[in-house]
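Notes for the one structure printed next.
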Amino acid sequence: MKVKIDLHIHTCYSYDGLITPQELVFYARKHGLDGVAITDHNRIDGALKIAKETHFLIIPSIEISSRSGHIVGLNLTEPVPRDLSVEETIDRIHELGGLAVACHPRAFLKSSLKGNVSQKFDAVEVINASAFPFKRSVKQAQKIASSLELAQVAGSDAHYAPEIGFAYTTVEAEPDIEEIVKAIDKGLCQPFGKAIPLRMRLKREISSFKARFLSKTNGSCSNH
Ligand SMILES: [Zn+2]
Ligand SMILES: [Zn+2]
């Protein structure tokens, strides 16, 4: 069977995310997803906690700030430290049994890997719904993935709940984390998605501003 998974989502546990666990599951179901990967910046505790507390399929993951750009570690149970080299970050992910994904390798205004994507990675995120400029980012990421013969995946990079599912990966697997990860590793997956509309991005910015400056908590998790 085929499952539909958004492989790049930030929750309120991410310093810049707004999505609460309830909103995450609500919007993921609403947008027809079978599962999501939670990829908060440099922390995995929120992802592990949410995965334990819900029946919805959640792949605990992390978006690591390596010295040369962001890297997603898919399916981990503990964090990988930030500020390591790309090589070492990938090695750590593999030692922990996860997959290393070169996320938004060519997007502007994001900490992108650019020329640092190698065959050491397990997959390239060719569609990132938040990438700018969208079409150019997709084209260039596809080029990188096909020249290195790496699996191609997609995710929304949502920080605001309505953005969930704007990009997703279909995976030829049963709805089970280990099966899904194995299938991605074999390249039995396909990226889909479109850019998050500008109007929604503006709403995200306004909500993010309010959350950061008008409330005492960082983001909107009530139980930080
Ligand atoms: Zn990123
Ligand atoms: Zn991200």
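By convention in this document, the chains of the structure tokens carry letters A, B, ... by their order, each chain's residues are numbered from 1, and ligands are numbered from 1 in the order they are shown.
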
Surroundings of ligand 1 up to 7 Å, based on only C-alpha atoms and all ligand atoms, as a ChimeraX atom specification: /A:63,70,103-104,110-112

Those in range 42-149 of chain A with helix (DSSP H, G or I) from DSSP, as an NGL selection string: :A and (45-53 or 86-95 or 114-116 or 134-148)

Atoms to include: N, CA and C atoms. Write the selected residues as a JSON list (two decimals), in the first residue's frame.
[["chain", "number", "residue", "atom", "x", "y", "z"],
["A", 45, "ASP", "N", 12.80, 16.04, 22.07],
["A", 45, "ASP", "CA", 11.95, 15.69, 23.22],
["A", 45, "ASP", "C", 10.46, 15.90, 22.92],
["A", 46, "GLY", "N", 10.13, 17.00, 22.23],
["A", 46, "GLY", "CA", 8.72, 17.26, 21.90],
["A", 46, "GLY", "C", 8.17, 16.18, 20.98],
["A", 47, "ALA", "N", 8.95, 15.81, 19.97],
["A", 47, "ALA", "CA", 8.53, 14.80, 19.00],
["A", 47, "ALA", "C", 8.28, 13.46, 19.71],
["A", 48, "LEU", "N", 9.18, 13.09, 20.60],
["A", 48, "LEU", "CA", 9.04, 11.81, 21.31],
["A", 48, "LEU", "C", 7.82, 11.82, 22.22],
["A", 49, "LYS", "N", 7.61, 12.97, 22.86],
["A", 49, "LYS", "CA", 6.47, 13.10, 23.78],
["A", 49, "LYS", "C", 5.15, 13.00, 22.99],
["A", 50, "ILE", "N", 5.07, 13.75, 21.90],
["A", 50, "ILE", "CA", 3.84, 13.76, 21.11],
["A", 50, "ILE", "C", 3.59, 12.37, 20.51],
["A", 51, "ALA", "N", 4.66, 11.73, 20.03],
["A", 51, "ALA", "CA", 4.50, 10.39, 19.43],
["A", 51, "ALA", "C", 3.93, 9.40, 20.44],
["A", 52, "LYS", "N", 4.32, 9.56, 21.69],
["A", 52, "LYS", "CA", 3.86, 8.65, 22.73],
["A", 52, "LYS", "C", 2.39, 8.91, 23.10],
["A", 53, "GLU", "N", 2.01, 10.18, 23.00],
["A", 53, "GLU", "CA", 0.68, 10.57, 23.49],
["A", 53, "GLU", "C", -0.44, 10.46, 22.47],
["A", 86, "VAL", "N", 29.14, 18.28, 8.44],
["A", 86, "VAL", "CA", 28.09, 17.53, 7.74],
["A", 86, "VAL", "C", 28.36, 16.03, 7.86],
["A", 87, "GLU", "N", 29.62, 15.64, 7.60],
["A", 87, "GLU", "CA", 30.00, 14.22, 7.66],
["A", 87, "GLU", "C", 29.68, 13.62, 9.02],
["A", 88, "GLU", "N", 30.10, 14.34, 10.07],
["A", 88, "GLU", "CA", 29.92, 13.79, 11.41],
["A", 88, "GLU", "C", 28.43, 13.74, 11.78],
["A", 89, "THR", "N", 27.69, 14.74, 11.35],
["A", 89, "THR", "CA", 26.25, 14.74, 11.63],
["A", 89, "THR", "C", 25.60, 13.51, 11.00],
["A", 90, "ILE", "N", 25.96, 13.23, 9.75],
["A", 90, "ILE", "CA", 25.38, 12.06, 9.07],
["A", 90, "ILE", "C", 25.80, 10.77, 9.79],
["A", 91, "ASP", "N", 27.08, 10.67, 10.16],
["A", 91, "ASP", "CA", 27.55, 9.47, 10.88],
["A", 91, "ASP", "C", 26.75, 9.26, 12.16],
["A", 92, "ARG", "N", 26.54, 10.34, 12.92],
["A", 92, "ARG", "CA", 25.79, 10.22, 14.18],
["A", 92, "ARG", "C", 24.37, 9.74, 13.92],
["A", 93, "ILE", "N", 23.74, 10.28, 12.88],
["A", 93, "ILE", "CA", 22.37, 9.87, 12.54],
["A", 93, "ILE", "C", 22.36, 8.37, 12.22],
["A", 94, "HIS", "N", 23.32, 7.93, 11.42],
["A", 94, "HIS", "CA", 23.38, 6.51, 11.04],
["A", 94, "HIS", "C", 23.67, 5.61, 12.24],
["A", 95, "GLU", "N", 24.56, 6.06, 13.13],
["A", 95, "GLU", "CA", 24.85, 5.27, 14.34],
["A", 95, "GLU", "C", 23.59, 5.06, 15.18],
["A", 114, "LYS", "N", 23.60, 23.66, 0.29],
["A", 114, "LYS", "CA", 24.16, 24.06, -1.01],
["A", 114, "LYS", "C", 25.04, 22.94, -1.59],
["A", 115, "GLY", "N", 26.36, 23.20, -1.74],
["A", 115, "GLY", "CA", 27.23, 22.20, -2.37],
["A", 115, "GLY", "C", 27.65, 21.06, -1.46],
["A", 116, "ASN", "N", 27.13, 21.01, -0.25],
["A", 116, "ASN", "CA", 27.59, 19.98, 0.69],
["A", 116, "ASN", "C", 26.75, 18.71, 0.71],
["A", 134, "PHE", "N", 10.28, 29.04, -4.90],
["A", 134, "PHE", "CA", 9.84, 27.65, -4.87],
["A", 134, "PHE", "C", 10.28, 26.82, -6.08],
["A", 135, "LYS", "N", 9.90, 27.25, -7.28],
["A", 135, "LYS", "CA", 10.16, 26.43, -8.47],
["A", 135, "LYS", "C", 11.65, 26.18, -8.68],
["A", 136, "ARG", "N", 12.41, 27.22, -8.48],
["A", 136, "ARG", "CA", 13.86, 27.12, -8.67],
["A", 136, "ARG", "C", 14.47, 26.17, -7.64],
["A", 137, "SER", "N", 14.00, 26.27, -6.39],
["A", 137, "SER", "CA", 14.52, 25.39, -5.33],
["A", 137, "SER", "C", 14.22, 23.93, -5.64],
["A", 138, "VAL", "N", 13.02, 23.66, -6.14],
["A", 138, "VAL", "CA", 12.62, 22.28, -6.46],
["A", 138, "VAL", "C", 13.49, 21.75, -7.60],
["A", 139, "LYS", "N", 13.62, 22.55, -8.64],
["A", 139, "LYS", "CA", 14.39, 22.13, -9.82],
["A", 139, "LYS", "C", 15.83, 21.79, -9.44],
["A", 140, "GLN", "N", 16.44, 22.67, -8.67],
["A", 140, "GLN", "CA", 17.84, 22.46, -8.30],
["A", 140, "GLN", "C", 18.01, 21.27, -7.37],
["A", 141, "ALA", "N", 17.06, 21.09, -6.45],
["A", 141, "ALA", "CA", 17.14, 19.96, -5.52],
["A", 141, "ALA", "C", 16.95, 18.63, -6.27],
["A", 142, "GLN", "N", 16.05, 18.65, -7.27],
["A", 142, "GLN", "CA", 15.83, 17.44, -8.09],
["A", 142, "GLN", "C", 17.11, 17.07, -8.84],
["A", 143, "LYS", "N", 17.77, 18.09, -9.32],
["A", 143, "LYS", "CA", 19.02, 17.87, -10.06],
["A", 143, "LYS", "C", 20.06, 17.20, -9.15],
["A", 144, "ILE", "N", 20.19, 17.71, -7.95],
["A", 144, "ILE", "CA", 21.15, 17.15, -6.99],
["A", 144, "ILE", "C", 20.79, 15.69, -6.70],
["A", 145, "ALA", "N", 19.50, 15.45, -6.40],
["A", 145, "ALA", "CA", 19.06, 14.09, -6.04],
["A", 145, "ALA", "C", 19.30, 13.11, -7.18],
["A", 146, "SER", "N", 18.97, 13.53, -8.41],
["A", 146, "SER", "CA", 19.14, 12.55, -9.49],
["A", 146, "SER", "C", 20.61, 12.35, -9.84],
["A", 147, "SER", "N", 21.43, 13.40, -9.73],
["A", 147, "SER", "CA", 22.84, 13.16, -10.05],
["A", 147, "SER", "C", 23.51, 12.28, -9.01],
["A", 148, "LEU", "N", 23.05, 12.34, -7.76],
["A", 148, "LEU", "CA", 23.65, 11.49, -6.72],
["A", 148, "LEU", "C", 22.89, 10.16, -6.56]]

Residue neighbourhood Ile180 in chain A, 10 Å, only C-alpha atoms, exclusion window fewer than 2 positions, as a VMD selection string: chain A and resid 2 to 3 5 59 75 170 to 178 182 to 186 188 to 189

Point-to-point distance in Å for CA of Ala195 in chain A and CA of Leu76 in chain A: 27.7 Å

Can you build me a table of chain A residues sitting at most 9 Å from ligand 2, with the closest atom pair per residue and its distance in Å to one decimal, using only C-alpha atoms and all ligand atoms, sorted by chain and residue number, as CSV?
residue,atom,partner,partner_atom_place_in_ligand_line,distance
A:His8,CA,ligand 2,1 (Zn),6.2
A:Ile9,CA,ligand 2,1 (Zn),6.6
A:His10,CA,ligand 2,1 (Zn),6.4
A:Thr39,CA,ligand 2,1 (Zn),6.7
A:Asp40,CA,ligand 2,1 (Zn),7.1
A:His41,CA,ligand 2,1 (Zn),7.0
A:Ile62,CA,ligand 2,1 (Zn),9.0
A:Glu63,CA,ligand 2,1 (Zn),6.3
A:His70,CA,ligand 2,1 (Zn),8.0
A:Val72,CA,ligand 2,1 (Zn),8.2
A:Cys103,CA,ligand 2,1 (Zn),7.8
A:His104,CA,ligand 2,1 (Zn),8.4
A:Lys110,CA,ligand 2,1 (Zn),8.6
A:Asn128,CA,ligand 2,1 (Zn),8.9
A:Ser130,CA,ligand 2,1 (Zn),8.7
A:Gly155,CA,ligand 2,1 (Zn),8.9
A:Ser156,CA,ligand 2,1 (Zn),8.4
A:Asp157,CA,ligand 2,1 (Zn),4.7
A:Ala158,CA,ligand 2,1 (Zn),7.3
A:His159,CA,ligand 2,1 (Zn),7.9

Put those residues in a file: C-alpha atoms, as a PDB file, in the first residue's frame.
ATOM      1  CA  HIS A   8       9.086  18.046   7.752  1.00  0.00           C
ATOM      2  CA  ILE A   9       7.027  19.730  10.489  1.00  0.00           C
ATOM      3  CA  HIS A  10       7.966  22.017  13.395  1.00  0.00           C
ATOM      4  CA  THR A  39      11.473  17.757  12.910  1.00  0.00           C
ATOM      5  CA  ASP A  40      11.947  20.460  15.547  1.00  0.00           C
ATOM      6  CA  HIS A  41      15.173  22.462  15.415  1.00  0.00           C
ATOM      7  CA  ILE A  62      15.060  16.317  14.309  1.00  0.00           C
ATOM      8  CA  GLU A  63      16.348  19.134  12.096  1.00  0.00           C
ATOM      9  CA  HIS A  70      20.368  22.046   8.046  1.00  0.00           C
ATOM     10  CA  VAL A  72      17.014  16.220   8.962  1.00  0.00           C
ATOM     11  CA  CYS A 103      16.561  19.260   3.482  1.00  0.00           C
ATOM     12  CA  HIS A 104      15.912  22.332   1.286  1.00  0.00           C
ATOM     13  CA  LYS A 110      17.163  29.083   5.020  1.00  0.00           C
ATOM     14  CA  ASN A 128       9.952  21.916   0.594  1.00  0.00           C
ATOM     15  CA  SER A 130       8.266  26.796   2.374  1.00  0.00           C
ATOM     16  CA  GLY A 155       7.750  18.010   3.372  1.00  0.00           C
ATOM     17  CA  SER A 156       5.928  21.218   4.160  1.00  0.00           C
ATOM     18  CA  ASP A 157       8.436  22.660   6.704  1.00  0.00           C
ATOM     19  CA  ALA A 158       5.256  23.858   8.414  1.00  0.00           C
ATOM     20  CA  HIS A 159       5.629  26.087  11.464  1.00  0.00           C
TER      21      HIS A 159
END

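Using only C-alpha atoms for every distance, the candidate list A:Pro60, A:Pro133, A:Gly97, A:Gly32 yields A:Pro133 as the residue closest to Leu109 in chain A.
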
Computed interatomic separation between CA of Phe26 in chain A and CA of Tyr160 in chain A (Å):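 One can read the CA of Phe26 in chain A to CA of Tyr160 in chain A distance as 12.5 Å.
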
Which residue of A:Ala102, A:Ile196, A:Leu150, A:Ile64 approaches Ala129 in chain A most closely, using only C-alpha atoms: A:Ile196
